[in-house]
$ cat data.cif   # mmCIF, C-alpha atoms and all ligand atoms
data_structure
#
loop_
_atom_site.label_atom_id
_atom_site.label_comp_id
_atom_site.auth_asym_id
_atom_site.auth_seq_id
_atom_site.Cartn_x
_atom_site.Cartn_y
_atom_site.Cartn_z
CA MET A 1 28.35 26.42 17.05
CA SER A 2 27.01 29.54 18.65
CA GLU A 3 26.53 29.83 22.38
CA THR A 4 22.76 30.29 22.08
CA LYS A 5 22.37 27.19 19.93
CA LYS A 6 24.33 25.15 22.45
CA LYS A 7 22.07 26.36 25.19
CA ARG A 8 18.97 25.46 23.22
CA LYS A 9 20.20 21.91 22.67
CA LEU A 10 21.15 21.43 26.30
CA GLY A 11 17.68 22.60 27.14
CA LEU A 12 16.20 19.97 24.87
CA THR A 13 17.94 17.03 26.57
CA THR A 14 16.86 18.24 29.97
CA ARG A 15 13.34 18.69 28.69
CA ILE A 16 13.28 15.11 27.38
CA PHE A 17 14.23 13.90 30.83
CA ILE A 18 11.68 15.96 32.63
CA SER A 19 8.93 14.75 30.31
CA LEU A 20 10.00 11.16 30.87
CA LEU A 21 9.56 11.56 34.61
CA LEU A 22 6.36 13.58 34.28
CA GLY A 23 4.97 10.96 31.88
CA ALA A 24 5.65 8.18 34.39
CA VAL A 25 4.03 10.14 37.22
CA ALA A 26 1.01 11.09 35.09
CA GLY A 27 0.57 7.48 33.93
CA ILE A 28 0.72 6.07 37.46
CA LEU A 29 -1.68 8.73 38.77
CA LEU A 30 -4.11 7.98 35.96
CA HIS A 31 -3.90 4.24 36.65
CA TYR A 32 -4.58 4.49 40.36
CA PHE A 33 -6.64 7.59 40.86
CA ALA A 34 -8.51 8.46 37.70
CA PRO A 35 -12.03 7.06 37.35
CA HIS A 36 -12.85 4.96 34.29
CA HIS A 37 -14.48 7.57 32.21
CA TYR A 38 -14.95 7.95 28.47
CA PHE A 39 -12.94 11.18 28.47
CA ILE A 40 -9.98 9.68 30.33
CA ASP A 41 -9.87 6.25 28.72
CA ASP A 42 -10.89 6.96 25.17
CA ILE A 43 -10.06 10.60 24.56
CA LEU A 44 -6.98 11.12 26.73
CA ILE A 45 -5.15 7.78 27.05
CA ASN A 46 -6.17 5.93 23.90
CA GLY A 47 -6.73 9.10 21.93
CA VAL A 48 -4.30 11.95 22.60
CA PHE A 49 -1.50 9.98 24.30
CA TYR A 50 -1.69 7.15 21.79
CA ILE A 51 -1.84 9.30 18.66
CA VAL A 52 0.79 11.84 19.70
CA GLY A 53 3.15 9.14 21.08
CA GLN A 54 2.86 6.83 18.09
CA GLY A 55 2.97 9.77 15.69
CA PHE A 56 6.28 10.87 17.18
CA LEU A 57 7.62 7.32 17.00
CA ARG A 58 6.65 7.10 13.33
CA LEU A 59 8.44 10.37 12.64
CA MET A 60 11.61 8.95 14.19
CA GLN A 61 11.22 5.74 12.21
CA MET A 62 10.72 7.77 9.04
CA LEU A 63 14.26 9.11 9.44
CA VAL A 64 16.03 5.79 9.82
CA VAL A 65 16.37 4.32 6.32
CA PRO A 66 17.32 7.51 4.41
CA LEU A 67 19.62 8.61 7.22
CA VAL A 68 21.44 5.28 7.43
CA LEU A 69 21.79 5.09 3.65
CA CYS A 70 23.13 8.63 3.15
CA SER A 71 25.37 8.77 6.19
CA LEU A 72 26.79 5.30 5.61
CA VAL A 73 27.56 5.99 1.94
CA CYS A 74 29.31 9.22 2.98
CA GLY A 75 31.08 7.48 5.87
CA ALA A 76 32.39 4.66 3.67
CA ALA A 77 33.44 7.15 0.98
CA ALA A 78 35.31 9.18 3.61
CA ILE A 79 37.20 6.17 4.97
CA GLY A 80 37.95 5.27 1.39
CA ASP A 81 40.36 2.40 1.55
CA THR A 82 38.85 -1.02 2.06
CA LYS A 83 41.61 -2.14 4.45
CA THR A 84 40.65 0.40 7.14
CA LEU A 85 36.98 -0.27 6.53
CA GLY A 86 37.58 -4.01 6.95
CA LYS A 87 39.56 -3.43 10.15
CA VAL A 88 36.78 -1.29 11.63
CA GLY A 89 34.18 -3.87 10.58
CA VAL A 90 35.98 -6.88 12.05
CA ARG A 91 36.75 -5.08 15.33
CA THR A 92 33.16 -3.95 15.67
CA VAL A 93 31.65 -7.36 15.02
CA VAL A 94 34.11 -9.10 17.37
CA PHE A 95 33.34 -6.56 20.07
CA TYR A 96 29.58 -6.92 19.57
CA ILE A 97 29.72 -10.71 19.83
CA PHE A 98 32.00 -10.58 22.88
CA THR A 99 29.74 -8.16 24.80
CA THR A 100 26.66 -10.23 23.98
CA ALA A 101 28.26 -13.43 25.27
CA LEU A 102 29.40 -11.51 28.37
CA ALA A 103 25.86 -10.21 28.88
CA ILE A 104 24.38 -13.70 28.80
CA CYS A 105 26.97 -14.96 31.30
CA VAL A 106 26.07 -12.06 33.65
CA ALA A 107 22.38 -12.90 33.19
CA LEU A 108 22.83 -16.61 33.88
CA GLY A 109 24.97 -15.85 36.95
CA ILE A 110 22.40 -13.44 38.41
CA ALA A 111 19.52 -15.79 37.61
CA LYS A 112 21.23 -18.72 39.33
CA LEU A 113 21.83 -16.47 42.33
CA ILE A 114 18.28 -15.13 42.62
CA ASN A 115 16.52 -18.30 41.43
CA PRO A 116 13.49 -16.39 40.11
CA GLY A 117 11.42 -19.46 39.18
CA VAL A 118 11.89 -21.45 42.38
CA GLY A 119 8.57 -21.74 44.19
CA MET A 120 6.49 -21.20 41.04
CA ASP A 121 4.72 -23.98 39.23
CA LEU A 122 4.01 -23.43 35.59
CA THR A 123 3.37 -27.07 34.74
CA ALA A 124 -0.38 -26.45 34.78
CA LEU A 125 -0.12 -23.46 32.47
CA GLU A 126 -2.37 -23.86 29.47
CA THR A 127 -0.77 -23.90 26.09
CA THR A 128 -0.96 -20.40 24.71
CA GLU A 129 -0.48 -19.18 21.21
CA THR A 130 3.10 -18.05 21.22
CA ALA A 131 4.89 -16.65 18.25
CA ILE A 132 7.71 -18.99 17.30
CA ALA A 133 10.79 -17.58 15.68
CA GLN A 134 11.41 -18.96 12.26
CA GLN A 135 14.57 -20.99 12.52
CA GLN A 136 16.45 -20.78 9.30
CA PRO A 137 19.76 -22.47 8.63
CA MET A 138 22.93 -20.50 9.35
CA SER A 139 23.88 -20.56 5.66
CA GLU A 140 20.64 -18.77 4.73
CA THR A 141 21.11 -16.21 7.51
CA LEU A 142 24.56 -15.41 6.15
CA LEU A 143 23.41 -15.25 2.53
CA ASP A 144 20.55 -13.01 3.53
CA ILE A 145 23.02 -10.21 4.25
CA ILE A 146 23.48 -9.72 0.50
CA PRO A 147 20.51 -7.89 -0.99
CA LYS A 148 19.07 -9.50 -4.13
CA ASN A 149 17.41 -6.18 -4.79
CA PRO A 150 18.77 -3.15 -2.92
CA PHE A 151 15.60 -1.17 -3.61
CA SER A 152 13.43 -3.76 -1.95
CA ALA A 153 15.88 -3.81 0.98
CA LEU A 154 15.40 -0.05 1.29
CA ALA A 155 11.65 -0.32 0.93
CA SER A 156 11.35 -3.01 3.59
CA GLY A 157 13.96 -1.46 5.89
CA ASN A 158 16.23 -4.53 5.92
CA MET A 159 19.09 -2.94 7.85
CA LEU A 160 21.88 -5.45 7.20
CA GLN A 161 21.21 -5.45 3.46
CA ILE A 162 21.11 -1.65 3.42
CA ILE A 163 24.42 -1.51 5.29
CA VAL A 164 26.11 -3.86 2.78
CA PHE A 165 24.82 -1.94 -0.24
CA ALA A 166 25.66 1.48 1.20
CA ILE A 167 29.23 0.46 2.05
CA ILE A 168 29.81 -0.84 -1.48
CA VAL A 169 28.46 2.40 -3.00
CA GLY A 170 30.66 4.45 -0.62
CA ILE A 171 33.80 2.48 -1.52
CA ILE A 172 33.10 2.97 -5.24
CA LEU A 173 32.51 6.70 -4.78
CA ALA A 174 35.89 6.96 -3.06
CA LYS A 175 37.52 5.02 -5.88
CA LEU A 176 36.01 6.92 -8.80
CA GLN A 177 36.50 10.39 -7.25
CA GLU A 178 35.58 13.25 -9.66
CA LYS A 179 33.86 10.92 -12.08
CA THR A 180 31.08 10.37 -9.56
CA GLN A 181 31.18 13.77 -7.87
CA LEU A 182 27.54 14.46 -8.68
CA ILE A 183 26.30 11.31 -6.92
CA HIS A 184 28.72 11.94 -4.04
CA ASN A 185 27.25 15.42 -3.62
CA PHE A 186 23.77 13.95 -3.82
CA PHE A 187 24.43 11.68 -0.84
CA GLN A 188 26.22 14.42 1.08
CA GLN A 189 23.31 16.78 0.63
CA GLY A 190 20.90 13.97 1.46
CA ASN A 191 22.87 13.51 4.66
CA ASP A 192 22.57 17.22 5.48
CA ILE A 193 18.82 17.13 4.86
CA MET A 194 18.39 14.09 7.11
CA MET A 195 20.40 15.69 9.91
CA GLU A 196 18.29 18.83 9.74
CA MET A 197 15.16 16.66 9.75
CA THR A 198 16.46 14.78 12.79
CA MET A 199 16.84 18.05 14.68
CA MET A 200 13.33 19.10 13.68
CA VAL A 201 11.77 15.82 14.79
CA MET A 202 13.82 15.82 17.98
CA SER A 203 12.42 19.17 18.97
CA LEU A 204 9.10 17.34 19.37
CA ALA A 205 10.69 14.71 21.61
CA PRO A 206 9.55 16.09 24.99
CA VAL A 207 5.89 15.89 23.96
CA GLY A 208 6.30 12.51 22.24
CA VAL A 209 8.17 10.97 25.16
CA PHE A 210 5.62 12.26 27.66
CA CYS A 211 2.71 10.71 25.75
CA LEU A 212 4.48 7.36 25.15
CA ILE A 213 5.44 6.95 28.80
CA ALA A 214 2.13 8.20 30.22
CA LYS A 215 0.20 5.76 28.01
CA THR A 216 2.40 2.80 29.01
CA PHE A 217 2.28 3.51 32.72
CA SER A 218 -1.43 4.27 32.78
CA GLY A 219 -2.08 0.75 31.49
CA MET A 220 0.07 -1.11 34.03
CA GLY A 221 -0.49 -0.96 37.73
CA PHE A 222 2.10 -2.33 40.10
CA ASP A 223 -0.18 -5.34 40.72
CA ALA A 224 0.69 -6.82 37.34
CA PHE A 225 4.29 -7.14 38.47
CA ARG A 226 3.83 -8.87 41.80
CA PRO A 227 4.00 -12.58 40.87
CA LEU A 228 6.91 -11.92 38.58
CA LEU A 229 8.80 -9.53 40.81
CA LYS A 230 11.78 -11.86 41.27
CA TYR A 231 12.10 -12.45 37.55
CA MET A 232 11.94 -8.72 36.87
CA ALA A 233 14.41 -7.95 39.63
CA ALA A 234 16.89 -10.47 38.19
CA VAL A 235 16.59 -9.04 34.66
CA LEU A 236 16.89 -5.44 35.87
CA LEU A 237 19.88 -6.21 38.08
CA ALA A 238 21.72 -7.96 35.24
CA LEU A 239 20.89 -5.04 32.90
CA LEU A 240 22.26 -2.55 35.41
CA ILE A 241 25.48 -4.55 35.86
CA GLN A 242 25.99 -4.78 32.11
CA CYS A 243 25.27 -1.10 31.54
CA PHE A 244 27.05 0.53 34.45
CA ILE A 245 29.84 -1.93 35.24
CA SER A 246 30.77 -4.14 32.26
CA TYR A 247 30.49 -1.47 29.55
CA GLN A 248 32.10 1.23 31.64
CA ALA A 249 35.03 -1.03 32.59
CA LEU A 250 35.55 -1.80 28.89
CA LEU A 251 35.37 1.90 28.00
CA LYS A 252 37.92 2.84 30.65
CA LEU A 253 40.18 -0.07 29.75
CA PHE A 254 40.26 0.54 26.00
CA THR A 255 40.05 4.35 25.82
CA GLY A 256 40.91 5.79 29.23
CA LEU A 257 37.82 8.03 28.90
CA SER A 258 35.70 8.81 31.93
CA PRO A 259 32.73 6.44 32.29
CA VAL A 260 30.88 9.00 34.43
CA LYS A 261 31.15 11.60 31.69
CA PHE A 262 30.07 9.06 29.11
CA ILE A 263 26.96 8.11 31.07
CA LYS A 264 26.08 11.74 31.78
CA LYS A 265 26.30 12.66 28.12
CA PHE A 266 24.56 9.56 26.85
CA LEU A 267 21.74 9.50 29.42
CA PRO A 268 19.21 11.38 27.26
CA VAL A 269 19.69 8.82 24.47
CA MET A 270 19.09 6.04 26.99
CA GLY A 271 15.97 7.86 28.16
CA PHE A 272 14.80 8.11 24.59
CA ALA A 273 15.39 4.38 23.94
CA PHE A 274 13.58 3.62 27.19
CA SER A 275 10.51 5.60 26.12
CA THR A 276 10.29 4.15 22.64
CA ALA A 277 11.59 0.58 23.20
CA THR A 278 13.10 0.60 19.75
CA SER A 279 16.80 0.62 18.97
CA ASN A 280 16.14 1.47 15.34
CA ALA A 281 14.36 4.72 16.10
CA THR A 282 17.27 5.73 18.34
CA ILE A 283 19.89 5.53 15.55
CA PRO A 284 19.72 9.22 14.47
CA LEU A 285 19.90 10.54 18.04
CA SER A 286 22.74 8.18 18.96
CA ILE A 287 24.87 9.22 15.99
CA ASP A 288 24.16 12.87 16.66
CA THR A 289 24.94 12.70 20.40
CA LEU A 290 28.14 10.73 19.85
CA GLU A 291 29.35 13.34 17.38
CA ARG A 292 28.28 16.51 19.14
CA LYS A 293 28.96 15.62 22.75
CA MET A 294 31.64 12.97 22.61
CA GLY A 295 33.57 13.86 19.49
CA VAL A 296 33.03 10.49 17.81
CA SER A 297 33.34 10.89 14.07
CA ARG A 298 30.40 10.02 11.89
CA ARG A 299 32.84 8.13 9.67
CA ILE A 300 32.74 5.38 12.28
CA SER A 301 29.36 5.83 13.94
CA SER A 302 27.37 5.92 10.71
CA PHE A 303 28.51 2.34 10.21
CA THR A 304 28.73 0.91 13.72
CA ILE A 305 25.51 2.37 15.20
CA PRO A 306 23.05 1.02 12.59
CA LEU A 307 24.96 -2.27 12.59
CA GLY A 308 24.74 -2.45 16.39
CA ALA A 309 21.04 -1.58 16.38
CA THR A 310 20.60 -4.54 14.05
CA ILE A 311 22.85 -7.24 15.45
CA ASN A 312 24.00 -6.21 18.94
CA MET A 313 21.25 -6.73 21.51
CA ASP A 314 22.98 -7.32 24.83
CA GLY A 315 19.99 -6.23 26.88
CA THR A 316 17.76 -8.59 24.95
CA SER A 317 20.07 -11.53 25.51
CA ILE A 318 20.14 -10.73 29.23
CA MET A 319 16.35 -11.02 29.36
CA GLN A 320 16.60 -14.29 27.42
CA GLY A 321 19.26 -15.73 29.74
CA VAL A 322 17.20 -14.95 32.86
CA ALA A 323 14.00 -16.16 31.18
CA VAL A 324 15.59 -19.53 30.38
CA VAL A 325 16.54 -20.09 34.02
CA PHE A 326 13.17 -18.78 35.23
CA ILE A 327 11.12 -21.00 32.92
CA ALA A 328 13.29 -24.07 33.60
CA GLN A 329 12.88 -23.61 37.36
CA ALA A 330 9.16 -22.90 37.12
CA TYR A 331 8.63 -26.09 35.13
CA GLY A 332 10.97 -28.05 37.39
CA ILE A 333 13.34 -28.86 34.54
CA LEU A 334 17.03 -29.26 35.35
CA LEU A 335 19.49 -27.69 32.92
CA THR A 336 22.90 -29.32 32.43
CA PRO A 337 26.16 -27.36 32.03
CA MET A 338 26.02 -28.26 28.33
CA ASP A 339 22.55 -26.69 28.17
CA TYR A 340 23.99 -23.43 29.51
CA VAL A 341 26.66 -23.46 26.81
CA THR A 342 23.89 -23.99 24.24
CA VAL A 343 21.95 -21.08 25.73
CA ILE A 344 24.98 -18.78 25.44
CA ALA A 345 25.44 -19.76 21.78
CA THR A 346 21.78 -19.55 20.74
CA ALA A 347 21.08 -16.35 22.66
CA THR A 348 24.07 -14.73 20.92
CA LEU A 349 22.60 -15.78 17.56
CA ALA A 350 19.13 -14.68 18.67
CA SER A 351 20.58 -11.27 19.49
CA ILE A 352 21.82 -11.00 15.92
CA GLY A 353 18.40 -12.04 14.64
CA THR A 354 16.40 -9.70 16.87
CA ALA A 355 15.19 -6.60 15.04
CA GLY A 356 15.49 -3.31 16.90
CA VAL A 357 11.76 -2.82 17.39
CA PRO A 358 9.53 -3.42 20.43
CA SER A 359 8.95 -6.96 21.74
CA VAL A 360 10.91 -8.90 19.13
CA GLY A 361 13.17 -10.25 21.87
CA LEU A 362 10.22 -12.29 23.14
CA VAL A 363 9.74 -13.85 19.74
CA THR A 364 13.37 -14.88 19.35
CA LEU A 365 13.29 -16.19 22.94
CA SER A 366 11.33 -19.16 21.59
CA MET A 367 14.41 -20.12 19.57
CA VAL A 368 16.57 -20.12 22.71
CA LEU A 369 14.01 -22.10 24.74
CA ALA A 370 13.60 -24.65 21.95
CA SER A 371 17.37 -25.16 21.74
CA VAL A 372 17.41 -26.66 25.26
CA GLY A 373 13.99 -28.31 25.06
CA LEU A 374 12.10 -25.90 27.32
CA PRO A 375 8.36 -25.35 26.74
CA ILE A 376 7.79 -22.16 24.80
CA GLU A 377 4.43 -21.73 26.53
CA GLY A 378 6.46 -20.19 29.37
CA ILE A 379 6.77 -17.05 27.22
CA GLY A 380 3.03 -16.49 27.61
CA PHE A 381 3.61 -16.09 31.33
CA ILE A 382 6.25 -13.38 31.13
CA MET A 383 4.62 -11.59 28.22
CA GLY A 384 2.34 -9.47 30.43
CA ILE A 385 5.16 -7.61 32.12
CA ASP A 386 7.58 -7.57 29.21
CA ARG A 387 6.95 -4.00 28.14
CA ILE A 388 8.80 -2.41 31.04
CA LEU A 389 11.70 -4.85 30.58
CA ASP A 390 11.67 -4.19 26.85
CA MET A 391 12.05 -0.48 27.52
CA THR A 392 14.95 -1.04 29.90
CA ARG A 393 16.77 -3.58 27.75
CA THR A 394 16.49 -1.33 24.70
CA ALA A 395 18.34 1.37 26.65
CA VAL A 396 21.08 -1.19 27.38
CA ASN A 397 21.12 -2.42 23.78
CA ILE A 398 21.92 1.02 22.42
CA THR A 399 24.41 1.82 25.18
CA GLY A 400 26.40 -1.25 24.15
CA ASP A 401 26.48 0.02 20.57
CA ALA A 402 27.62 3.47 21.69
CA VAL A 403 30.40 2.14 23.96
CA CYS A 404 31.70 -0.09 21.19
CA THR A 405 31.53 2.78 18.71
CA THR A 406 33.51 5.05 21.02
CA ILE A 407 36.16 2.38 21.55
CA VAL A 408 36.49 1.59 17.85
CA ALA A 409 36.58 5.32 17.03
CA CYS A 410 39.36 5.92 19.56
CA GLN A 411 41.35 3.05 18.09
CA ASN A 412 41.02 4.59 14.63
CA ASP A 413 41.85 8.18 15.55
CA ALA A 414 38.26 9.15 14.94
CA CYS A 415 37.44 10.40 18.44
CA ASP A 416 38.07 13.98 19.47
CA LYS A 417 38.85 13.60 23.16
CA GLU A 418 38.68 17.35 23.74
CA THR A 419 35.01 17.38 22.76
CA PHE A 420 34.45 14.39 25.03
CA GLN A 421 36.03 16.15 28.01
CA ARG A 422 34.10 19.38 27.48
CA ASP A 423 31.14 19.85 29.82
N1 LIG B 1 13.05 -3.59 21.78
C1 LIG B 1 14.37 -4.13 21.62
C2 LIG B 1 15.19 -3.16 20.79
O1 LIG B 1 14.66 -2.43 20.00
C3 LIG B 1 14.38 -5.49 21.01
C4 LIG B 1 13.76 -6.49 21.96
O2 LIG B 1 14.48 -6.97 22.84
O3 LIG B 1 12.57 -6.80 21.83
O4 LIG B 1 16.39 -3.12 20.93
#

$ encode --input "data.cif" --output "structure tokens"
Amino acid sequence: MSETKKKRKLGLTTRIFISLLLGAVAGILLHYFAPHHYFIDDILINGVFYIVGQGFLRLMQMLVVPLVLCSLVCGAAAIGDTKTLGKVGVRTVVFYIFTTALAICVALGIAKLINPGVGMDLTALETTETAIAQQQPMSETLLDIIPKNPFSALASGNMLQIIVFAIIVGIILAKLQEKTQLIHNFFQQGNDIMMEMTMMVMSLAPVGVFCLIAKTFSGMGFDAFRPLLKYMAAVLLALLIQCFISYQALLKLFTGLSPVKFIKKFLPVMGFAFSTATSNATIPLSIDTLERKMGVSRRISSFTIPLGATINMDGTSIMQGVAVVFIAQAYGILLTPMDYVTVIATATLASIGTAGVPSVGLVTLSMVLASVGLPIEGIGFIMGIDRILDMTRTAVNITGDAVCTTIVACQNDACDKETFQRD
């Protein structure tokens, strides 16, 4: 890669960061100091900011399905033998489940320490319309991984089904070699096209991020947070611990790589996830950053990153763990040790069932509350301030996927440590 190109890309990440900060400042200024005026409310905030921000988000989402399909088919074809593929798969899933359970334990610990719901009384809260997660039996959830019709899975963006289909196609391409060279080339070229498209869309990121953040912050003053400050503080603290202590300790332990370097290089991706609050839209950038800056081969990341964005939501389960304690305390309901075990189990399952798009964690929270008999109306109370937590937990969700990917890649000789060390 030429020196000038490198410089341009470095410039882009910095620009994303600056626009994130500028967006937050602009949003807060607009909220507190701008008069309610047609031009500001309708043209600027709900017009320009909304259209440009959402337009950028849609462009990112447009990349996801074709990118995951092409890069996963190529990744599986490159690994070739099913034994290695199986080993990578099992390790990844075990790691994902372990970090989720760890995240919930951190969340419950912090929540019991801060006691966010003590002193609040939600018993008088009116029943609100709260979306209830559809609880389907475990057997159905498992069966649902197999697509009945791969084309409908692609059309509806069902990530797990796409992953399964793409891996099977990749394995067969590796097996049939020259016989299927044409199709193999088709996916490889598709992959190249999607990578180029990712770079094109990413060049718009500074503008998109600015508009998304400015719109969000202009709508929320600090007042909205006040009654729920303790709850928010508990969630944010647990998220920080998971992101900067638990993950980094695991990274150091399993790979010996520098956590500081990892965070520095991955920060723009976190910033991007924070602005968009969607793990799915972050998939292309995550794969690209892991490859370019950390030397993690696409062979691994093309499989583990989309899988993580679909089933590994540690940040979401942290919010759910704290929310359970908060709602129980606010309703004056005592949870038994057995209830906590149930919460750990159901929140881990809920994390698997939470799609990587904004706010879904709140919907699957109803499943966790129901499992220990807590009133789901409590969700209505925390809904108002969830956006900012959603943004933060999404950044943690995708960091968990990236740490796991780096560890699994290192264990499979698919991580170029020289690239990782390079500044
Ligand atoms: N927004 C989260 C994500 O995309 C999911 C959630 O917790 O609502 O990872």

$ closest_atom_pairs --input "data.cif" --of "chain A" --to "ligand LIG 1 (chain B)" --cutoff "6 Å" --atoms "only C-alpha atoms and all ligand atoms" --output "JSON lines"
{"residue": "A:Ala277", "atom": "CA", "partner": "B:LIG1", "partner_atom": "N1", "distance": 4.6}
{"residue": "A:Thr278", "atom": "CA", "partner": "B:LIG1", "partner_atom": "O1", "distance": 3.4}
{"residue": "A:Ser279", "atom": "CA", "partner": "B:LIG1", "partner_atom": "O1", "distance": 3.9}
{"residue": "A:Thr316", "atom": "CA", "partner": "B:LIG1", "partner_atom": "O2", "distance": 4.2}
{"residue": "A:Gly356", "atom": "CA", "partner": "B:LIG1", "partner_atom": "O1", "distance": 3.3}
{"residue": "A:Val357", "atom": "CA", "partner": "B:LIG1", "partner_atom": "O1", "distance": 3.9}
{"residue": "A:Pro358", "atom": "CA", "partner": "B:LIG1", "partner_atom": "N1", "distance": 3.8}
{"residue": "A:Ser359", "atom": "CA", "partner": "B:LIG1", "partner_atom": "O3", "distance": 3.6}
{"residue": "A:Val360", "atom": "CA", "partner": "B:LIG1", "partner_atom": "O3", "distance": 3.8}
{"residue": "A:Gly361", "atom": "CA", "partner": "B:LIG1", "partner_atom": "O3", "distance": 3.5}
{"residue": "A:Asp390", "atom": "CA", "partner": "B:LIG1", "partner_atom": "N1", "distance": 5.3}
{"residue": "A:Thr394", "atom": "CA", "partner": "B:LIG1", "partner_atom": "O4", "distance": 4.2}
{"residue": "A:Asn397", "atom": "CA", "partner": "B:LIG1", "partner_atom": "O4", "distance": 5.6}

$ residues_around --input "data.cif" --residues "region 322-333 of chain A" --least-positions-apart "4" --cutoff "8 Å" --atoms "all atoms listed in the file" --output "MDAnalysis selection string"
chainID A and resid 107:108 110:112 115:123 231 234:235 318 368:369 374 378

$ closest_residue --input "data.cif" --among "A:Asn280, A:Thr419, A:Thr342, A:Thr216" --to "Val68 (chain A)" --atoms "all atoms listed in the file"
A:Asn280

$ closest_residue --input "data.cif" --among "A:Leu204, A:Leu237, A:Ala350, A:Leu307" --to "Ser19 (chain A)" --atoms "all atoms listed in the file"
A:Leu204

$ atom_distance --input "data.cif" --atom1 "CA of Val94 (chain A)" --atom2 "CA of Val408 (chain A)"
11.0 Å

$ atom_distance --input "data.cif" --atom1 "CA of Val209 (chain A)" --atom2 "CA of Met197 (chain A)"
17.9 Å

$ closest_residue --input "data.cif" --among "A:Ala273, A:Leu334, A:Ile385, A:Met220" --to "Ala233 (chain A)" --atoms "all atoms listed in the file"
A:Ile385

$ residues_around --input "data.cif" --residues "region 54-65 of chain A" --least-positions-apart "4" --cutoff "8 Å" --atoms "all atoms listed in the file" --output "PyMOL selection string"
chain A and resi 50+69+154+157+159+194+197-198+201+204-205+208+212+276+280-284

$ closest_residue --input "data.cif" --among "A:Leu240, A:Ala402, A:Leu349, A:Val93" --to "Glu291 (chain A)" --atoms "all atoms listed in the file"
A:Ala402

$ residues_around --input "data.cif" --residues "Ser258 (chain A)" --least-positions-apart "5" --cutoff "9 Å" --atoms "all atoms listed in the file" --output "ChimeraX atom specification"
/A:248,251-252,263,420-421

$ write_last_selection --input "data.cif" --atoms "C-alpha atoms" --output "compact mmCIF listing (two decimals), in the coordinates of the input"
# COMPACT_ATOMS: atom_id res chain seq x y z
CA GLN A 248 32.10 1.23 31.64
CA LEU A 251 35.37 1.90 28.00
CA LYS A 252 37.92 2.84 30.65
CA ILE A 263 26.96 8.11 31.07
CA PHE A 420 34.45 14.39 25.03
CA GLN A 421 36.03 16.15 28.01

$ atom_distance --input "data.cif" --atom1 "CA of Ala24 (chain A)" --atom2 "CA of Phe39 (chain A)"
19.7 Å

$ closest_residue --input "data.cif" --among "A:Val207, A:Met313, A:Val296, A:Leu253" --to "Ile51 (chain A)" --atoms "all atoms listed in the file"
A:Val207

$ closest_residue --input "data.cif" --among "A:Met367, A:Ile407, A:Ile376, A:Leu362" --to "Arg393 (chain A)" --atoms "all atoms listed in the file"
A:Leu362

$ residues_around --input "data.cif" --residues "region 163-168 of chain A" --least-positions-apart "3" --cutoff "7 Å" --atoms "all atoms listed in the file" --output "list in words"
Leu69, Leu72, Val73, Ala76, Ile146, Pro150, Met159, Leu160, Ile171 and Ile172 of chain A

$ residues_around --input "data.cif" --residues "Ile79 (chain A)" --least-positions-apart "5" --cutoff "8 Å" --atoms "only C-alpha atoms" --output "MDAnalysis selection string"
chainID A and resid 84:85 299

$ residues_near_point --input "data.cif" --point "(21.1, -24.9, 27.2)" --cutoff "10 Å" --atoms "only C-alpha atoms" --output "ChimeraX atom specification"
/A:321,324-325,335-347,368-374

$ write_last_selection --input "data.cif" --atoms "C-alpha atoms" --output "PDB file, keeping the file's coordinate frame"
ATOM      1  CA  GLY A 321      19.260 -15.730  29.740  1.00  0.00           C
ATOM      2  CA  VAL A 324      15.590 -19.530  30.380  1.00  0.00           C
ATOM      3  CA  VAL A 325      16.540 -20.090  34.020  1.00  0.00           C
ATOM      4  CA  LEU A 335      19.490 -27.690  32.920  1.00  0.00           C
ATOM      5  CA  THR A 336      22.900 -29.320  32.430  1.00  0.00           C
ATOM      6  CA  PRO A 337      26.160 -27.360  32.030  1.00  0.00           C
ATOM      7  CA  MET A 338      26.020 -28.260  28.330  1.00  0.00           C
ATOM      8  CA  ASP A 339      22.550 -26.690  28.170  1.00  0.00           C
ATOM      9  CA  TYR A 340      23.990 -23.430  29.510  1.00  0.00           C
ATOM     10  CA  VAL A 341      26.660 -23.460  26.810  1.00  0.00           C
ATOM     11  CA  THR A 342      23.890 -23.990  24.240  1.00  0.00           C
ATOM     12  CA  VAL A 343      21.950 -21.080  25.730  1.00  0.00           C
ATOM     13  CA  ILE A 344      24.980 -18.780  25.440  1.00  0.00           C
ATOM     14  CA  ALA A 345      25.440 -19.760  21.780  1.00  0.00           C
ATOM     15  CA  THR A 346      21.780 -19.550  20.740  1.00  0.00           C
ATOM     16  CA  ALA A 347      21.080 -16.350  22.660  1.00  0.00           C
ATOM     17  CA  VAL A 368      16.570 -20.120  22.710  1.00  0.00           C
ATOM     18  CA  LEU A 369      14.010 -22.100  24.740  1.00  0.00           C
ATOM     19  CA  ALA A 370      13.600 -24.650  21.950  1.00  0.00           C
ATOM     20  CA  SER A 371      17.370 -25.160  21.740  1.00  0.00           C
ATOM     21  CA  VAL A 372      17.410 -26.660  25.260  1.00  0.00           C
ATOM     22  CA  GLY A 373      13.990 -28.310  25.060  1.00  0.00           C
ATOM     23  CA  LEU A 374      12.100 -25.900  27.320  1.00  0.00           C
TER      24      LEU A 374
END
